[in-house]
file upload.txt (compact mmCIF, C-alpha atoms)
# COMPACT_ATOMS: atom_id res chain seq x y z
CA MET A 2 -5.48 21.05 -3.72
CA LYS A 3 -6.26 17.39 -3.75
CA SER A 4 -2.60 16.54 -4.21
CA LEU A 5 -1.71 18.82 -1.30
CA PHE A 6 -4.26 17.04 0.84
CA THR A 7 -2.88 13.70 -0.24
CA ALA A 8 0.66 14.83 0.52
CA VAL A 9 -0.29 16.04 4.00
CA PHE A 10 -2.23 12.85 4.63
CA MET A 11 0.73 10.72 3.52
CA CYS A 12 3.03 12.71 5.81
CA LEU A 13 0.72 12.17 8.75
CA MET A 14 0.46 8.48 7.92
CA GLY A 15 4.23 8.29 7.74
CA LEU A 16 4.52 9.96 11.14
CA ALA A 17 1.94 7.66 12.63
CA ILE A 18 3.82 4.62 11.38
CA ALA A 19 7.21 5.98 12.44
CA ASN A 20 5.94 6.82 15.91
CA ASN A 21 4.26 3.52 16.48
CA PRO A 22 6.50 0.61 15.55
CA THR A 23 4.01 -1.87 16.93
CA SER A 24 1.48 -0.90 14.29
CA GLY A 25 1.51 -3.27 11.39
CA GLY A 26 3.22 -6.59 11.49
CA TYR A 27 1.98 -9.91 12.67
CA GLN A 28 0.19 -10.69 15.89
CA VAL A 29 0.06 -14.20 17.26
CA GLY A 30 -2.61 -16.02 15.23
CA ASP A 31 -1.93 -14.23 11.95
CA VAL A 32 -0.86 -16.22 8.91
CA ALA A 33 2.60 -15.24 7.68
CA THR A 34 3.03 -14.67 3.97
CA ASP A 35 5.81 -16.57 2.30
CA PHE A 36 8.88 -14.85 0.86
CA SER A 37 11.69 -15.56 -1.50
CA LEU A 38 15.00 -14.21 -0.28
CA LYS A 39 18.58 -14.76 -1.34
CA ASN A 40 20.59 -17.09 0.83
CA ILE A 41 24.32 -16.81 1.47
CA ASP A 42 24.89 -19.47 -1.23
CA GLY A 43 23.14 -17.28 -3.82
CA LYS A 44 20.03 -19.46 -4.02
CA PHE A 45 16.61 -18.10 -3.17
CA VAL A 46 14.81 -19.65 -0.22
CA SER A 47 11.09 -19.69 0.62
CA LEU A 48 9.21 -21.25 3.51
CA SER A 49 7.45 -23.47 0.97
CA ASP A 50 10.80 -25.04 0.10
CA PHE A 51 10.59 -26.95 3.36
CA LYS A 52 8.09 -29.55 2.21
CA ASP A 53 8.07 -31.59 5.39
CA ALA A 54 8.24 -28.72 7.86
CA LYS A 55 6.01 -28.99 10.90
CA GLY A 56 6.87 -25.40 11.70
CA TYR A 57 9.44 -22.70 11.20
CA ILE A 58 11.73 -20.74 13.49
CA VAL A 59 12.13 -17.43 11.65
CA VAL A 60 14.86 -15.33 13.25
CA PHE A 61 15.57 -11.75 12.24
CA THR A 62 19.23 -11.32 13.09
CA CYS A 63 22.37 -9.74 11.74
CA ASN A 64 26.16 -9.69 11.92
CA THR A 65 26.67 -6.45 13.74
CA CYS A 66 24.26 -6.17 16.67
CA PRO A 67 26.00 -7.28 19.89
CA TYR A 68 22.77 -8.93 21.04
CA ALA A 69 22.52 -10.85 17.80
CA VAL A 70 26.13 -11.90 18.11
CA MET A 71 25.56 -13.14 21.66
CA TYR A 72 22.77 -15.33 20.32
CA GLU A 73 24.58 -16.77 17.29
CA ASP A 74 25.54 -20.01 19.00
CA ARG A 75 22.10 -20.36 20.55
CA ILE A 76 20.41 -19.84 17.16
CA LYS A 77 22.64 -22.53 15.70
CA ALA A 78 21.82 -24.83 18.62
CA LEU A 79 18.10 -24.34 17.98
CA HIS A 80 18.54 -25.42 14.38
CA ASP A 81 20.71 -28.38 15.34
CA LYS A 82 18.10 -29.50 17.84
CA TYR A 83 14.91 -28.88 15.89
CA ALA A 84 15.61 -29.00 12.14
CA ASP A 85 15.58 -32.80 12.15
CA GLN A 86 12.32 -32.72 14.08
CA GLY A 87 10.74 -30.60 11.34
CA TYR A 88 11.31 -27.11 12.76
CA PRO A 89 14.16 -25.49 10.82
CA VAL A 90 15.71 -22.13 11.68
CA ILE A 91 15.43 -19.58 8.89
CA ALA A 92 17.53 -16.53 9.68
CA ILE A 93 16.92 -13.24 7.91
CA ASN A 94 19.16 -10.19 8.03
CA PRO A 95 16.82 -7.17 7.77
CA ASN A 96 19.42 -4.38 7.92
CA ASP A 97 20.19 -1.97 5.09
CA PRO A 98 23.92 -2.47 4.40
CA GLU A 99 24.15 1.10 3.17
CA VAL A 100 23.37 2.11 6.75
CA LYS A 101 25.25 -0.74 8.41
CA GLU A 102 28.15 -1.82 6.23
CA GLY A 103 28.87 -4.95 8.24
CA ASP A 104 25.48 -6.38 7.30
CA SER A 105 26.06 -6.70 3.58
CA TRP A 106 25.37 -9.97 1.81
CA ASP A 107 29.13 -10.51 1.41
CA ALA A 108 29.67 -9.91 5.12
CA MET A 109 26.87 -12.37 5.89
CA LYS A 110 28.65 -15.04 3.88
CA VAL A 111 31.86 -14.45 5.83
CA ARG A 112 30.13 -14.53 9.21
CA ALA A 113 28.10 -17.63 8.39
CA LYS A 114 31.26 -19.45 7.40
CA GLU A 115 33.11 -18.35 10.53
CA LYS A 116 30.27 -19.54 12.74
CA GLY A 117 29.43 -22.63 10.72
CA PHE A 118 25.79 -21.67 10.17
CA ASP A 119 24.05 -24.71 8.71
CA PHE A 120 20.68 -23.00 8.32
CA PRO A 121 19.57 -20.50 5.66
CA TYR A 122 20.82 -17.00 6.36
CA LEU A 123 18.80 -14.79 4.04
CA PHE A 124 19.21 -11.20 3.00
CA ASP A 125 16.08 -9.03 3.11
CA ALA A 126 17.01 -7.12 -0.05
CA GLY A 127 14.96 -3.97 -0.33
CA GLN A 128 13.71 -4.53 3.25
CA MET A 129 10.34 -5.85 2.12
CA VAL A 130 9.94 -8.77 4.52
CA PHE A 131 10.74 -7.50 8.01
CA PRO A 132 7.99 -4.80 7.94
CA GLN A 133 5.43 -7.48 7.01
CA TYR A 134 6.43 -9.45 10.07
CA GLY A 135 6.64 -6.32 12.18
CA ALA A 136 10.17 -7.07 13.34
CA THR A 137 11.68 -4.05 15.06
CA LYS A 138 15.01 -5.33 16.22
CA THR A 139 17.66 -7.99 16.04
CA PRO A 140 17.31 -10.64 17.23
CA HIS A 141 13.54 -10.98 16.87
CA VAL A 142 11.98 -14.42 16.54
CA TYR A 143 8.73 -15.64 14.98
CA VAL A 144 7.77 -19.27 15.46
CA LEU A 145 5.26 -20.46 12.86
CA ASP A 146 3.33 -23.69 12.65
CA SER A 147 3.07 -25.86 9.53
CA ASP A 148 0.29 -23.63 8.15
CA LYS A 149 2.54 -20.57 8.67
CA VAL A 150 0.34 -19.36 11.50
CA VAL A 151 2.36 -17.18 13.87
CA LYS A 152 2.44 -18.95 17.22
CA TYR A 153 5.16 -17.11 19.09
CA ILE A 154 6.84 -13.71 18.79
CA GLY A 155 9.76 -12.46 20.81
CA ALA A 156 13.03 -13.36 22.42
CA ILE A 157 15.01 -16.59 22.21
CA ASP A 158 15.34 -16.86 25.98
CA ASP A 159 15.34 -14.69 29.07
CA ASN A 160 19.05 -13.99 29.41
CA PRO A 161 20.87 -12.52 26.42
CA GLN A 162 24.11 -11.95 28.25
CA ASP A 163 24.72 -15.31 29.79
CA ALA A 164 23.64 -18.51 28.06
CA THR A 165 24.54 -20.51 31.17
CA ALA A 166 22.20 -18.45 33.38
CA VAL A 167 19.11 -18.78 31.20
CA GLY A 168 15.93 -19.58 33.09
CA ASP A 169 13.24 -19.67 30.43
CA LYS A 170 14.05 -20.88 26.93
CA TYR A 171 11.10 -19.24 25.23
CA VAL A 172 11.62 -20.47 21.66
CA GLU A 173 12.36 -24.03 22.74
CA ALA A 174 9.25 -23.99 24.90
CA ALA A 175 7.22 -22.66 21.98
CA VAL A 176 8.44 -25.43 19.66
CA GLU A 177 7.82 -28.06 22.31
CA SER A 178 4.26 -26.73 22.66
CA LEU A 179 3.74 -26.98 18.89
CA LYS A 180 5.05 -30.54 18.94
CA MET A 181 2.33 -31.38 21.45
CA GLY A 182 -0.30 -29.53 19.45
CA LYS A 183 -0.59 -26.81 22.08
CA SER A 184 -0.35 -23.05 21.89
CA PRO A 185 2.87 -21.64 23.31
CA ASP A 186 2.64 -19.87 26.66
CA PRO A 187 4.04 -17.25 26.72
CA SER A 188 3.30 -16.49 23.10
CA LEU A 189 4.82 -13.04 23.30
CA THR A 190 8.02 -11.94 25.04
CA LYS A 191 10.23 -8.91 24.83
CA ALA A 192 13.94 -8.36 24.75
CA ILE A 193 16.35 -5.54 24.22
CA GLY A 194 17.79 -5.49 20.75
CA CYS A 195 19.31 -3.29 18.09
CA SER A 196 16.83 -1.34 16.03
CA ILE A 197 16.65 -2.56 12.45
CA LYS A 198 18.81 -0.29 10.31
CA VAL A 199 16.90 1.69 7.70
CA LYS A 200 17.74 4.90 5.92
CA ALA A 201 16.54 7.97 7.80
CA MET B 4 55.87 7.70 52.56
CA ARG B 5 54.08 10.98 52.36
CA ILE B 6 55.19 11.37 48.75
CA ILE B 7 53.75 7.99 47.89
CA PHE B 8 50.52 8.88 49.67
CA THR B 9 50.29 12.20 47.86
CA THR B 10 51.02 10.53 44.54
CA VAL B 11 48.40 7.86 45.07
CA PHE B 12 45.89 10.42 46.26
CA GLY B 13 46.68 12.62 43.27
CA LEU B 14 46.27 9.71 40.88
CA LEU B 15 42.95 8.76 42.42
CA LEU B 16 41.76 12.33 42.27
CA SER B 17 42.74 12.76 38.64
CA ALA B 18 41.18 9.40 37.80
CA SER B 19 37.91 10.49 39.34
CA LEU B 20 38.09 13.81 37.52
CA LEU B 21 38.73 12.01 34.25
CA THR B 22 35.78 9.70 34.64
CA GLY B 23 33.53 12.66 35.42
CA GLN B 24 30.40 11.81 37.33
CA GLU B 25 29.84 8.59 39.17
CA LEU B 26 27.88 6.03 37.21
CA LYS B 27 24.91 4.91 39.25
CA VAL B 28 24.16 1.26 38.60
CA TYR B 29 20.71 -0.21 39.22
CA ASP B 30 20.74 -3.99 39.58
CA THR B 31 16.97 -4.32 39.42
CA PHE B 32 14.15 -2.51 37.68
CA ASP B 33 12.42 -2.04 41.04
CA GLU B 34 15.30 0.14 42.17
CA PHE B 35 15.55 1.88 38.81
CA GLU B 36 11.88 2.84 38.73
CA GLU B 37 12.59 5.98 40.79
CA VAL B 38 14.15 7.44 37.63
CA LEU B 39 10.73 7.24 35.95
CA LYS B 40 8.76 8.55 38.91
CA LYS B 41 10.30 11.88 39.90
CA ASP B 42 7.51 14.24 40.83
CA ASP B 43 9.41 17.51 41.02
CA GLY B 44 7.63 19.57 38.37
CA LYS B 45 10.43 19.10 35.88
CA ILE B 46 10.13 17.56 32.46
CA HIS B 47 12.14 14.35 32.55
CA VAL B 48 13.60 13.03 29.34
CA VAL B 49 14.84 9.48 29.88
CA ASN B 50 16.84 8.07 27.00
CA PHE B 51 17.66 4.36 26.77
CA TRP B 52 20.95 3.75 25.01
CA ALA B 53 24.07 1.59 25.02
CA THR B 54 27.67 2.12 24.01
CA TRP B 55 27.29 -0.56 21.32
CA CYS B 56 24.24 1.11 19.77
CA ALA B 57 25.47 3.40 17.01
CA PRO B 58 22.22 5.33 16.41
CA CYS B 59 21.94 5.87 20.18
CA VAL B 60 25.42 7.33 20.47
CA LYS B 61 24.71 9.52 17.46
CA GLU B 62 21.61 11.12 18.99
CA ILE B 63 22.99 11.75 22.50
CA PRO B 64 24.43 15.20 21.58
CA PHE B 65 20.88 16.41 20.86
CA PHE B 66 19.79 15.29 24.33
CA GLU B 67 22.78 17.11 25.77
CA GLU B 68 21.75 20.27 23.92
CA LEU B 69 18.20 19.88 25.15
CA GLY B 70 19.26 19.57 28.77
CA ALA B 71 21.59 22.56 28.45
CA LYS B 72 18.98 24.75 26.82
CA TYR B 73 16.05 24.20 29.19
CA ASP B 74 16.37 24.64 32.94
CA ASN B 75 13.16 22.75 33.60
CA VAL B 76 14.21 19.73 31.52
CA GLU B 77 16.24 16.99 33.15
CA VAL B 78 17.85 14.50 30.82
CA THR B 79 18.81 11.06 32.12
CA LEU B 80 20.80 8.74 29.89
CA VAL B 81 20.03 5.14 30.85
CA SER B 82 22.71 2.78 29.64
CA ILE B 83 21.58 -0.78 29.17
CA ASP B 84 25.08 -2.00 28.58
CA PHE B 85 25.87 -5.22 30.36
CA LYS B 86 27.23 -4.93 33.86
CA ASN B 87 30.34 -6.91 33.00
CA THR B 88 31.31 -4.23 30.48
CA ILE B 89 31.07 -1.28 32.90
CA ASP B 90 34.78 -1.04 33.61
CA ARG B 91 36.17 -1.91 30.25
CA ARG B 92 33.59 -0.18 28.06
CA VAL B 93 31.06 2.08 29.71
CA LYS B 94 33.31 4.05 32.05
CA PRO B 95 36.00 4.73 29.43
CA PHE B 96 33.26 5.81 27.02
CA LEU B 97 31.77 8.20 29.58
CA ALA B 98 35.21 9.55 30.45
CA LYS B 99 35.78 10.34 26.80
CA LYS B 100 32.38 11.92 26.21
CA ASN B 101 32.04 13.71 29.55
CA PHE B 102 28.28 14.12 29.27
CA ALA B 103 26.60 16.86 31.26
CA SER B 104 23.41 14.78 31.54
CA GLN B 105 23.06 12.30 34.33
CA VAL B 106 24.03 8.79 33.30
CA VAL B 107 22.76 5.66 35.03
CA LEU B 108 23.01 2.00 34.11
CA LEU B 109 20.09 -0.40 34.26
CA GLY B 110 21.61 -3.81 34.81
CA ASP B 111 18.48 -5.90 35.39
CA PRO B 112 19.26 -8.97 33.28
CA LYS B 113 15.63 -9.93 32.57
CA PRO B 114 14.32 -7.40 30.01
CA ASN B 115 11.15 -9.39 29.37
CA ASP B 116 10.13 -8.60 32.93
CA TRP B 117 10.70 -4.85 32.73
CA ILE B 118 10.30 -3.59 29.13
CA ASP B 119 6.52 -3.36 29.53
CA ARG B 120 6.97 -1.51 32.81
CA VAL B 121 8.65 1.33 30.93
CA ASP B 122 5.94 1.32 28.28
CA PRO B 123 3.80 -1.54 26.94
CA SER B 124 4.29 -0.28 23.37
CA TRP B 125 8.08 -0.70 23.59
CA SER B 126 9.35 -3.63 21.54
CA GLY B 127 12.73 -3.49 23.26
CA ALA B 128 14.63 -1.88 20.38
CA ILE B 129 16.92 0.99 21.24
CA PRO B 130 17.24 3.93 21.02
CA ALA B 131 14.06 4.62 22.95
CA THR B 132 13.00 7.67 24.93
CA TYR B 133 10.50 8.17 27.74
CA VAL B 134 9.35 11.70 28.51
CA TYR B 135 7.29 12.51 31.59
CA ARG B 136 6.21 15.26 33.88
CA GLY B 137 4.34 14.18 36.97
CA ASP B 138 1.70 11.71 35.82
CA THR B 139 1.83 12.58 32.12
CA ALA B 140 4.16 10.52 29.96
CA GLN B 141 4.94 9.78 26.37
CA PHE B 142 7.12 7.04 24.92
CA TYR B 143 9.12 7.11 21.69
CA GLU B 144 10.71 4.05 20.11
CA GLN B 145 12.69 5.95 17.50
CA GLU B 146 15.83 7.90 16.74
CA PHE B 147 16.02 11.66 16.97
CA HIS B 148 18.02 13.58 14.43
CA SER B 149 18.09 17.13 15.78
CA LEU B 150 17.51 19.34 18.81
CA ALA B 151 14.38 20.59 17.06
CA GLU B 152 12.89 17.09 17.00
CA LEU B 153 13.43 16.78 20.74
CA GLU B 154 12.01 20.22 21.38
CA ALA B 155 8.92 19.14 19.50
CA ILE B 156 8.32 16.23 21.88
CA ILE B 157 8.81 18.27 25.06
CA HIS B 158 6.64 21.11 23.78
CA PRO B 159 3.32 19.59 24.95
CA PHE B 160 4.82 19.12 28.41
CA ILE B 161 5.86 22.78 28.61
CA LYS B 162 2.38 23.91 27.69
CA SER B 163 0.69 21.57 30.13
CA LYS B 164 2.13 23.41 33.12
call {"tool": "encode", "arguments": {"input": "upload.txt", "output": "structure tokens"}}
result
Amino acid sequence: MKSLFTAVFMCLMGLAIANNPTSGGYQVGDVATDFSLKNIDGKFVSLSDFKDAKGYIVVFTCNTCPYAVMYEDRIKALHDKYADQGYPVIAINPNDPEVKEGDSWDAMKVRAKEKGFDFPYLFDAGQMVFPQYGATKTPHVYVLDSDKVVKYIGAIDDNPQDATAVGDKYVEAAVESLKMGKSPDPSLTKAIGCSIKVKA
Amino acid sequence: MRIIFTTVFGLLLSASLLTGQELKVYDTFDEFEEVLKKDDGKIHVVNFWATWCAPCVKEIPFFEELGAKYDNVEVTLVSIDFKNTIDRRVKPFLAKKNFASQVVLLGDPKPNDWIDRVDPSWSGAIPATYVYRGDTAQFYEQEFHSLAELEAIIHPFIKSK
């Protein structure tokens, strides 16, 4: 009887979580836990590896989502602009390659080489990290400060389709705020994106 | 001359038949909002999708079944494909699929300004589905895997009549 109750309870919990993707995950102000994920070069990368970081631009992205692809060059540009200033981009592919073949670790290596990614592009093996962050889609950005406090969650900018027609560069503005010791405003934005691919 | 005219007319006619219904394109969310505000007693199931979104395309047949099965349910498929892909991607896709449900395209390029206006709980990931009847609404940021799953979400709206 107890096990039946537990089973029903677990089912209900599962439904509640499935129906409410905003439950769980970080809010602005939460401290992000570190991770250790395999990079495209086979080495494992953690936030704590960046000893001199003043902050982190954590980007959940992938090879296959058209929105993510449209942002590849802009993600690279963020790293090129801010890594030297102490705010590296750390990209994480959260998709299950058994659901989305083009997001395998091997495919990530190929894509990173094609695009000349010079930032870590990590594979969320077992999909343990993206649920902690509460990422729901690609691309989905979390800007952290040096203490790994989440300072900004959301989109890279306000125009996915056309990089030349961007009005607000949200992530850049967030990093600039951190550089001045201020809290980003807005600290939360939304964008269309591809749902993160998990097994049904 | 007349032959040319007839031929051209025939071609145009067949082209329009092939592409099925006209695709209504909304350039701004303000204009689009009428899709979410129909007060006609029907249950409106508004599904946000895009041609590039594989799980979206996969679930559309269930929405088609739902619309076909229930007279008082109106399904609207809202494409959020980019406007510059309408001719080369969206229209050919619709011509191939020939959906019975109404298809519209929301081309407002500033999602941060309108995602919350659909539902504040929406992160922006698709597929996503908004169900409403009059003033009562429910939002689902998830995939559906069967007609039965969709019937389950419209059930409360049927009862509420």
call {"tool": "atom_distance", "arguments": {"input": "upload.txt", "atom1": "CA of Thr79 in chain B", "atom2": "CA of Asp159 in chain A"}}
result
26.2 Å
call {"tool": "closest_residue", "arguments": {"input": "upload.txt", "among": "A:Gly30, A:Pro132, A:Pro67, A:Pro89", "to": "Ile193 in chain A", "atoms": "all atoms listed in the file"}}
result
A:Pro67
call {"tool": "closest_residue", "arguments": {"input": "upload.txt", "among": "B:Phe66, B:Trp52, B:Phe32, B:Tyr73", "to": "chain A", "atoms": "all atoms listed in the file"}}
result
B:Trp52
call {"tool": "closest_residue", "arguments": {"input": "upload.txt", "among": "B:Leu150, B:Ile161, B:Ile129, B:Val134", "to": "Thr137 in chain A", "atoms": "all atoms listed in the file"}}
result
B:Ile129
call {"tool": "interface_residues", "arguments": {"input": "upload.txt", "of": "chain A", "to": "chain B", "cutoff": "10 Å", "atoms": "all atoms listed in the file", "output": "count of residues only"}}
result
39
call {"tool": "axis_aligned_box", "arguments": {"input": "upload.txt", "around": "range 25-32 of chain B", "padding_each_side": "8 Å", "output": "JSON"}}
result
{"center_x": 22.0, "center_y": 2.1, "center_z": 38.4, "size_x": 31.7, "size_y": 28.9, "size_z": 18.4}
call {"tool": "residues_near_point", "arguments": {"input": "upload.txt", "point": "(4.5, -20.0, 13.3)", "cutoff": "12 Å", "atoms": "all atoms listed in the file", "output": "number ranges by chain"}}
result
A: 27-35, 48, 54-60, 88-91, 134, 142-155, 172, 175-176, 178-180, 184-185, 188
call {"tool": "residues_around", "arguments": {"input": "upload.txt", "residues": "Ala71 in chain B", "least_positions_apart": "4", "cutoff": "9 Å", "atoms": "only C-alpha atoms", "output": "ChimeraX atom specification"}}
result
/B:66-67,76,103-104
call {"tool": "atom_distance", "arguments": {"input": "upload.txt", "atom1": "CA of Tyr122 in chain A", "atom2": "CA of Asn94 in chain A"}}
result
7.2 Å
